[in-house]
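Trainee: If you scroll down you'll find the structure; I have some questions about it.
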Amino acid sequence: MWGAGCRQGGAAGGFAPTRGPSRDQCVVGVLSVWLSPVLQLVGVDVTAALDLYAEREQWEKCLETAAKQNYKVLHKYAALYATHLIREGSFAQALSLYVQHGAPANPQNFNIYKRLFVELVNAPGMSSAEAYPGWASLRDVLFTLCENLVKSSEANTPAHEEFETMLLIAHYYATRSAALGVKQLEVVATKLSISLLRHTDLVPADKAFYEAGTAARAVGWDNMAFIFLNRFLDLTDAMEEGTLDALDHVDFQDTDIPFEVPLPAHQHVAEATREEIRDWVLTMSMDQRLEQVLPRDERDTYEASLVAAGTGVRSLPCLLTGYPVLRSKVEFKRPGREANKDTWNKFLMAVKTSHSPTCQDVLQFIGQWCGGLPSSGFSFQ
């Protein structure tokens with residue numbers, strides 16, 4: 001509401017328009033009256049001023065002022081703003097806050113980071129090339145966090161290990177999105193969906209089995225597709241019943257796909273799609289050519305399992321597919337990072353021929369994460 005000095009001039013008002021302040025001057029006047037206590041506080045008591053900005057939800061001004069203090073103060077108010085955004089359901093905006101300002105290893109922030117991870121892995125429409133920016137943002141925030149955790153008192157704690165696993169999962173999802181945009185990398189994308197099944201303790205199981213099954217089906221791996229989509233249907237039925245106790249694990253014996261997984265909170269796949277999958281599984285079950293077993297490799301072990309069934313020997317996962325690295329390998333400076341040589345070379349060639357910006361970004365991230373890329377004479381030109 002405008003004050004008395006802001007009334008429109010005219011004969012009835014008894015004064016000419018040129019005699020009083022303009023509308024713009026009035027707006028500035030009102031704003032300065034409203035803001036001046038905060039501005040004055042900044043010079044006297046910065047914390048009180050920041051609290052007032054936060055209370056009034058003037059977040060941009062709050063973070064701008066906090067950034068002039070120090071990193072600790074900035075992140076106190078960044079966490080308040082992120083919490084506010086999460087309450088409003090603005091998860092992408094909350095994530096971008098930590099892309100912009102970094103992710104400190106403060107234990108009081110851990111629930112924020114976990115919530116952002118959970119929201120993204122549960123979000124619809126994320127199994128596509130277009131989803132790359134979201135996955136890359138999550139990956140980059142978790143990478144910054146894990147780098148900070150290594151240098152903190154939280155290093156090597158269970159929380160640190162969990163965030164390292166979340167980083168690996170985010171990297172797989174980001175790489176899958178990048179690969180989905182390049183036709184010759186379709187098998188890489190499929191293998192990543194299959195590798196994500198070993199992380200169904202952290203990602204929703206029904207969604208993971210649906211994505212792995214439909215990806216395997218698209219490349220003609222019908223045995224795997226049948227087993228994964230059958231498991232998907234069992235999971236959706238179990239969710240209707242509210243318990244996973246009746247699940248039969250026989251298809252997944254001697255694999256690293258976990259049996260004990262959380263019951264997904266809601267169905268991630270529409271009912272019409274579930275019925276289409278049910279029809280396909282029923283049709284395939286009557287096909288005499290179908291072998292209802294997962295493919296095995298020279299270890300006599302399920303080919304995507306990192307742990308050999310007979311010996312318990314654990315292989316490292318390929319950075320580009322998540323499959324075990326067994327023979328020819330590409331090694332990186334940082335210990336525990338390897339890639340299958342054949343997959344690595346195919347990926348480099350696909351990037352060179354497609355000029356895919358997202359695949360280039362994946363390689364740049366791997367270089368950052370693994371202490372540099374192997375010298376292969378590769379350039380992005």
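Labels used: A, B, ... for chains in the order of the structure tokens, numbers from 1 for residues in each chain, and numbers from 1 for ligands as shown.
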Which neighbours of Gly220 in chain A fall inside 12 Å, counting only C-alpha atoms, when residues of the same chain fewer than 5 positions from it are skipped, and could you give them as an MDAnalysis selection string?
Mentor: chainID A and resid 186:187 190 213:215 225:226 290
Trainee: Report as an MDAnalysis selection string: the residues of range 124-331 of chain A with a DSSP assignment of alpha helix (DSSP H), based on the backbone of this structure.
Mentor: chainID A and resid 132:150 158:180 186:195 205:218 222:241 271:285
Trainee: Select, from A:Asn70, A:Thr165, A:Asn340, A:Gln368, the residue with the minimum atom-to-atom distance to His199 in chain A, counting only C-alpha atoms.
Mentor: A:Thr165
Trainee: Quick one: pick out all strand (DSSP E) residues within range 188-373 of chain A from a backbone DSSP run and write them as JSON, numbers by chain.
Mentor: {"A": [329, 330, 331, 338, 339, 340]}
Trainee: With only C-alpha atoms as the atoms that count, which of A:Ala123, A:Lys72, A:Gln184, A:Arg274 lies nearest to Thr353 in chain A?
Mentor: A:Gln184
Trainee: Quick one: of A:Thr175, A:Gln292, A:Asn122, A:Gln69, who's nearest to Ala136 in chain A, counting only C-alpha atoms?
Mentor: A:Thr175
Trainee: Pick out the residues sitting within 10 Å of range 94-107 of chain A, and hand them over as a PyMOL selection string; count only C-alpha atoms, and ignore anything fewer than 6 positions along from it in its own chain.
Mentor: chain A and resi 63+67+71-72+74-76+78-79+81-86+113+116-117+120+134+136-155+159-160
Trainee: Hey, can you check how far CA of Gly336 in chain A sits from CA of Ser375 in chain A?
Mentor: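 Rounded to one decimal, the two atoms are 18.1 Å apart.
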Trainee: Work out how far CA of Val188 in chain A is from CA of Thr283 in chain A, in Å to one decimal.
Mentor: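 Distance between the two atoms: 27.5 Å.
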